[in-house]
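Visitor: Okay, handing you the structure first.
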Amino acid sequence: MTTDHEIELPDTPAPSEAPPQVDNLDALESEAIHIFREVAGEFDRPVILFSGGKDSTVLVHLALKAFWPAPVPFPLLHVDTGHNFGEVIDFRDELVAHHDLRLVVASVQDYIDDGRLQERPDGTRNPLQTQPLLDGISENRFDAVFGGGRRDEERARAKERIFSLRNAFGQWDPRRQRPELWNLYNGKHRPGEHVRVFPLSNWTELDIWRYIQREKIELPDIYFAHRREVYQRDGMWLTSGPWGGPREGEAVEEKTVRYRTVGDGSCTGAVESEAYTVDDVIAEVAASRLTERGATRADDRMSEAAMEDRKREGYF
Amino acid sequence: MTETTTRTAPDSGTEVTLPVHTDQLRLATAGSVDDGKSTLVGRLLHDTKSVLADQLDAVHRASADRGLQTPDLSLLVDGLRAEREQGITIDVAYRYFATPKRSFVLADTPGHVQYTRNTVTGASTAQLAVLLVDARKGVLEQTRRHAAVLALLGVPRLVLAVNKIDMVDYDEATYRRIAEEFTAHATALGYADGTVVTIPVSALHGDNVVEKSEQTPWYEGPALLEHLESVPVAPDPHDVPFRMPVQYVIRPRTAEYPDYRGYAGQVAAGVVAEGDEVVVLPAGVRTRVSKVDTPDGAAPRAAAGRSVTVLLEDDVDISRGDLIAAAGSAPTVTDEVDATVCWLAEKPLRPGARVLVKHGTRTVQAMVTELTARFDEQQLSSVETPESLELNEIGRVSLRTSEPLPIDEYAASRRTGSFLVIDPSDGTTLAAGLVGLPLAPLRGGSAS
């Protein structure tokens, strides 16, 4: 064998004359903006799935930056379980009005009212979101659906591509994922199929909070410490609301809490916290020994593969 | 490169040190099936305290359910039902962890031969790859295949982790033999001295993963994490010519910005600055940059990796798919491309195939006019004019494209020298394409 064919291998970092240092948040921001623009360039009818939570709020902020000074060229889609926190719905409506965005709402309550879906015995509506979401996608003929999913959230999410093809039933098949090479995203799909797009794939919870701090992004108040009446169920602090509870034997207490995620009120728990500001939250997240989902999401605890199973069904 | 800030946690009053990373290493794992990759990654996450209590609880519970005496750390990373059932990794998983010195993005790739395409996925953006071998089995066919793929994709640095060293009683001679055989193979593939490091580890027991092991007193090198924290990371080179594929034209047509016309894209190579002379390809029109808008407003210049919007002095006809490049050193514009492809599809490639090529932001029709060679990464040799390329094979092709493409050699520019080959009928990604000749050792002749 000969060894005289050496490929070019960079060794030590290049000296001086480097342009301005790009830090980790700049790199993540640039990657997300690149993804937004690819989708705007390649798809006919994209939409941003918006829950009012911190990740989807960051998503909207990045979309505004990606197309500035032009408006965001696609609408938001909110799957409203009917059991959302009032503060989150108010925040959603203010955000939409302030940036002159378009909002499409898919309502779980409508489905329950006209009998297309039935309330579950356990009262949670999170699993009921899938059908209104898929119907909303097909009725509006959305071909690319942005989500705020991050790979650090959960083991099944860690397997997700940035462009993730879904069949006509919205299903994810992890064995048939396309290879994703360099930053060349393949958005080809057949009629009826759509692509889920995750611009925040490479962000961690701490990156999200640092970015919120840097960019001074407004969030719903429930992300910060406040007094609230709560009761304990399965080790989580739930708040009373139209979703039922407290049940017999569940005592209501007033506590200082905040939410690490927002979602359906029936299964999103608060954590005890004295974090009143973004700085406080960053310190708290950095010191926490629990993941955000482990701390506050009942539905992920249902089985070892709960998230994967819901993704296969078409859930986000 | 890493600063820290200290904050007080509001609930416990404890001081928390927050590293502010500007220094990040992107790495991929590779290796054969059952060599313990997932366990190694689980061990890295566990021992760097990157695993939170609820995740660890879940692993303890699941391990106990399976009747295991000690927690199976691979369950931390094998996220799919089928993976846990079969004890194998099916698809790439991305992991994020950080130490006070550096943050890491890790692409954990499957080892099974059927899923080599996922090794290509993980390696296409990696700055370093950790290849595993089982100390009892040594360098296998799959090890040599993965090393060739990593070299071909230009992954600058390799680590060979000789795993399960406990299973050979921490035997130095076994380790040396494997390390030498692998280093010789990597050298033949073009890796220079100092770019390949070998480490004896036991992912199961944690030897030489995060802490140096007392079981291997004969090993003088660093533990794996120490090496990952200190290995030099080459930044995107800045002294190369500017390249930016146009993704999207930003035209607000609002009262506030009636005449704004910006070309949005991510700088793929080099630096763009206000006043630079540029050429728009494939048309070949020359003009100057009048303004560079970054996500944080106008800037005098922006470097590779940054998403920007470039405004030009002249009113040029530009749309998605065009490439803006430094006027002085523009890429070649051609409709005849010689390239190396890693074939990633079940359906074999035969000459005459009609495909789509996605290069930068442009997707064009193309025909594979010739299959020039198929490479044998075991023998480091090639077969001339094969009849087909099968799944996971690497070969050399000639393509004719329906429209001219501005291309660089992959060896000179990873971003503008790479492309996807797509099936026009169903959109499947068929191959990873690299413009230009493959590694010299694969071209043949060197095996003799």
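Letters A, B, ... mark the chains of the structure tokens in the order given; residue numbers begin at 1 per chain; ligand numbers begin at 1, in order shown.
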Report as a tab-separated table: every residue of range 125-209 of chain B with an atom at most 12 Å from range 387-409 of chain B, its closest pair of atoms, and their distance in Å to one decimal, counting only C-alpha atoms, with rows sorted by chain and ascending residue number.

Guide:
residue	atom	partner	partner_atom	distance
B:Gln142	CA	B:Asn392	CA	11.3
B:Arg145	CA	B:Asn392	CA	9.6
B:His146	CA	B:Asn392	CA	10.6
B:Ala148	CA	B:Ile394	CA	9.7
B:Val149	CA	B:Ile394	CA	8.5
B:Leu152	CA	B:Ile394	CA	9.6
B:Leu153	CA	B:Ile394	CA	11.5

Visitor: Since we have the selection now, will you write its residues out, keeping C-alpha atoms, as a PDB file, in the first residue's frame?

Guide:
ATOM      1  CA  GLN B 142     -17.444  -3.001   8.769  1.00  0.00           C
ATOM      2  CA  ARG B 145     -15.892   0.295   5.483  1.00  0.00           C
ATOM      3  CA  HIS B 146     -16.776   2.958   8.019  1.00  0.00           C
ATOM      4  CA  ALA B 148     -13.325   4.684   4.303  1.00  0.00           C
ATOM      5  CA  VAL B 149     -16.708   6.441   4.405  1.00  0.00           C
ATOM      6  CA  LEU B 152     -14.289  10.092   1.936  1.00  0.00           C
ATOM      7  CA  LEU B 153     -16.661  12.550   3.640  1.00  0.00           C
TER       8      LEU B 153
END

Visitor: Could you give me, as an MDAnalysis selection string, the residues within 8 Å of His359 in chain B, counting only C-alpha atoms and dropping anything in the same chain fewer than 2 positions from it?

Guide: (chainID A and resid 184) or (chainID B and resid 357 361:363 405 416 418:420)

Visitor: Go ahead and write the selection's residues with N, CA and C atoms as a PDB file, in the first residue's frame.

Guide:
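selection-v2.pdb, freshly written:
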ATOM      1  N   LEU A 184     -28.374  19.867   3.258  1.00  0.00           N
ATOM      2  CA  LEU A 184     -29.214  19.740   2.069  1.00  0.00           C
ATOM      3  C   LEU A 184     -30.478  18.978   2.451  1.00  0.00           C
TER       4      LEU A 184
ATOM      5  N   VAL B 357     -30.878  16.086  -9.037  1.00  0.00           N
ATOM      6  CA  VAL B 357     -29.698  16.458  -8.273  1.00  0.00           C
ATOM      7  C   VAL B 357     -30.013  17.736  -7.513  1.00  0.00           C
ATOM      8  N   THR B 361     -29.150  25.294  -3.409  1.00  0.00           N
ATOM      9  CA  THR B 361     -30.601  25.489  -3.368  1.00  0.00           C
ATOM     10  C   THR B 361     -31.248  25.177  -4.712  1.00  0.00           C
ATOM     11  N   ARG B 362     -30.483  24.569  -5.613  1.00  0.00           N
ATOM     12  CA  ARG B 362     -31.008  24.285  -6.944  1.00  0.00           C
ATOM     13  C   ARG B 362     -31.222  22.793  -7.144  1.00  0.00           C
ATOM     14  N   THR B 363     -32.398  22.424  -7.605  1.00  0.00           N
ATOM     15  CA  THR B 363     -32.668  21.023  -7.931  1.00  0.00           C
ATOM     16  C   THR B 363     -32.881  20.917  -9.426  1.00  0.00           C
ATOM     17  N   LEU B 405     -24.567  23.785 -13.400  1.00  0.00           N
ATOM     18  CA  LEU B 405     -24.438  23.999 -11.959  1.00  0.00           C
ATOM     19  C   LEU B 405     -23.084  24.638 -11.647  1.00  0.00           C
ATOM     20  N   THR B 416     -20.355  23.504  -1.063  1.00  0.00           N
ATOM     21  CA  THR B 416     -20.696  23.706  -2.470  1.00  0.00           C
ATOM     22  C   THR B 416     -20.165  22.582  -3.356  1.00  0.00           C
ATOM     23  N   SER B 418     -20.978  19.355  -2.505  1.00  0.00           N
ATOM     24  CA  SER B 418     -21.801  18.191  -2.180  1.00  0.00           C
ATOM     25  C   SER B 418     -23.179  18.334  -2.819  1.00  0.00           C
ATOM     26  N   PHE B 419     -23.832  17.206  -3.056  1.00  0.00           N
ATOM     27  CA  PHE B 419     -25.198  17.246  -3.594  1.00  0.00           C
ATOM     28  C   PHE B 419     -25.949  15.981  -3.201  1.00  0.00           C
ATOM     29  N   LEU B 420     -27.278  16.056  -3.321  1.00  0.00           N
ATOM     30  CA  LEU B 420     -28.115  14.881  -3.107  1.00  0.00           C
ATOM     31  C   LEU B 420     -28.546  14.332  -4.449  1.00  0.00           C
TER      32      LEU B 420
END

Visitor: Would you kindly return, as a list in words, each protein, DNA or RNA residue with an atom no farther than 8 Å from any atom of Ala126 in chain B, considering only C-alpha atoms and excluding same-chain residues fewer than 6 positions away?

Guide: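 Listing them by chain and then by number gives Arg26, Leu27, Ala28 and Val155 of chain B.
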
Visitor: Could you tell me how far CA of Leu25 in chain A sits from CA of Arg214 in chain A, in Å to one decimal place?

Guide: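 Between CA of Arg214 in chain A and CA of Leu25 in chain A the gap is 9.2 Å.
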
Visitor: Between A:Ile33, A:Leu133, A:Leu206, A:Ile89, which has the minimum distance to chain B (counting only C-alpha atoms)?

Guide: A:Ile33

Visitor: Restricting the calculation to only C-alpha atoms: of A:Val47, A:Val271, A:Leu76, A:Val145, which residue gets closest to chain B?

Guide: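 Looking at the shortest contact to chain B, the residue is A:Val271.
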
Visitor: DSSP on the backbone: what in range 90-250 of chain A comes out strand (DSSP E or B), as a PyMOL selection string?

Guide: chain A and resi 103-107+144-146+163-166+181+184+194-197+226-233+236-239

Visitor: Mind pulling up the distance from CA of Val272 in chain B to CA of Ala304 in chain B?

Guide: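 Atom-to-atom, CA of Ala304 in chain B and CA of Val272 in chain B are spaced 8.6 Å apart.
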
Visitor: What are the nearest atom pairs, with distances in Å to one decimal, for all residues of range 183-256 of chain B that come at most 6 Å from range 156-163 of chain B, using only C-alpha atoms, set out by chain and rising residue number as CSV?

Guide:
residue,atom,partner,partner_atom,distance
B:Thr195,CA,B:Arg157,CA,4.9
B:Val196,CA,B:Leu158,CA,4.8
B:Val197,CA,B:Val159,CA,4.8
B:Thr198,CA,B:Leu160,CA,4.6
B:Ile199,CA,B:Ala161,CA,5.0
B:Pro200,CA,B:Val162,CA,4.7
B:Val201,CA,B:Asn163,CA,4.8
B:Ser202,CA,B:Asn163,CA,5.2

Visitor: Do a neighbour search on His98 in chain A at 12 Å with only C-alpha atoms, toss out local chain neighbours closer than 5 positions, and write the hits as a list of chain:residue names.

Guide: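 Residues meeting the cut-off are A:Leu64, A:Phe91, A:Arg92, A:Asp93, A:Glu218.
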
Visitor: Kindly indicate which residue among A:Tyr259, A:Trp182, A:Phe74, A:Phe146 lies nearest to Ala225 in chain A, using only C-alpha atoms for the distances.

Guide: A:Tyr259

Visitor: Could you work out how far CA of Ala303 in chain B lies from CA of Ala268 in chain B, giving the answer in Å with one decimal?

Guide: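 Separation of CA of Ala268 in chain B and CA of Ala303 in chain B: 8.5 Å.
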
Visitor: Range 202-416 of chain B: which residues are alpha helix (DSSP H) by DSSP, as a PyMOL selection string?

Guide: chain B and resi 224-230

Visitor: Would you save the residues of that selection, restricted to N, CA and C atoms, as an mmCIF file, in the first residue's frame?

Guide:
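Wrote selection-v9.cif, looks like this:
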data_model
loop_
_atom_site.group_PDB
_atom_site.id
_atom_site.type_symbol
_atom_site.label_atom_id
_atom_site.label_comp_id
_atom_site.auth_asym_id
_atom_site.auth_seq_id
_atom_site.Cartn_x
_atom_site.Cartn_y
_atom_site.Cartn_z
ATOM 1 N N LEU B 224 -11.219 9.025 26.902
ATOM 2 C CA LEU B 224 -11.949 9.497 25.720
ATOM 3 C C LEU B 224 -12.449 10.938 25.887
ATOM 4 N N LEU B 225 -13.099 11.224 27.008
ATOM 5 C CA LEU B 225 -13.666 12.566 27.181
ATOM 6 C C LEU B 225 -12.580 13.637 27.179
ATOM 7 N N GLU B 226 -11.462 13.324 27.850
ATOM 8 C CA GLU B 226 -10.364 14.291 27.904
ATOM 9 C C GLU B 226 -9.888 14.620 26.483
ATOM 10 N N HIS B 227 -9.802 13.594 25.644
ATOM 11 C CA HIS B 227 -9.397 13.818 24.257
ATOM 12 C C HIS B 227 -10.445 14.660 23.522
ATOM 13 N N LEU B 228 -11.730 14.336 23.714
ATOM 14 C CA LEU B 228 -12.793 15.083 23.020
ATOM 15 C C LEU B 228 -12.823 16.546 23.458
ATOM 16 N N GLU B 229 -12.456 16.780 24.719
ATOM 17 C CA GLU B 229 -12.468 18.151 25.231
ATOM 18 C C GLU B 229 -11.299 18.976 24.717
ATOM 19 N N SER B 230 -10.197 18.292 24.347
ATOM 20 C CA SER B 230 -8.983 19.052 24.055
ATOM 21 C C SER B 230 -8.561 18.985 22.590
#

Visitor: So which residues touch Met236 in chain A within 7 Å, counting only C-alpha atoms, skipping near sequence neighbours fewer than 2 positions away, as a ChimeraX atom specification?

Guide: /A:232-234,238,269-270,296

Visitor: Could you save those same residues with C-alpha atoms as an mmCIF file, in the first residue's frame?

Guide:
data_model
loop_
_atom_site.group_PDB
_atom_site.id
_atom_site.type_symbol
_atom_site.label_atom_id
_atom_site.label_comp_id
_atom_site.auth_asym_id
_atom_site.auth_seq_id
_atom_site.Cartn_x
_atom_site.Cartn_y
_atom_site.Cartn_z
ATOM 1 C CA GLN A 232 -51.192 16.889 43.737
ATOM 2 C CA ARG A 233 -51.745 13.909 41.409
ATOM 3 C CA ASP A 234 -49.101 11.327 40.456
ATOM 4 C CA LEU A 238 -52.158 20.286 38.686
ATOM 5 C CA GLY A 269 -48.076 20.089 35.852
ATOM 6 C CA ALA A 270 -46.568 23.090 37.591
ATOM 7 C CA THR A 296 -44.432 18.142 34.115
#

Visitor: Considering only C-alpha atoms, return as a VMD selection string whatever protein or nucleic-acid residues lie within 7 Å of Leu40 in chain B, sequence-local ones (same chain, fewer than 4 positions apart) excluded.

Guide: chain B and resid 36 44 203

Visitor: Which residue is closest to chain B? Choose from A:Gly147, A:Gly115, A:Pro220, A:Pro191 and count only C-alpha atoms.

Guide: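 Nearest candidate to chain B out of A:Gly147, A:Gly115, A:Pro220, A:Pro191: A:Pro191.
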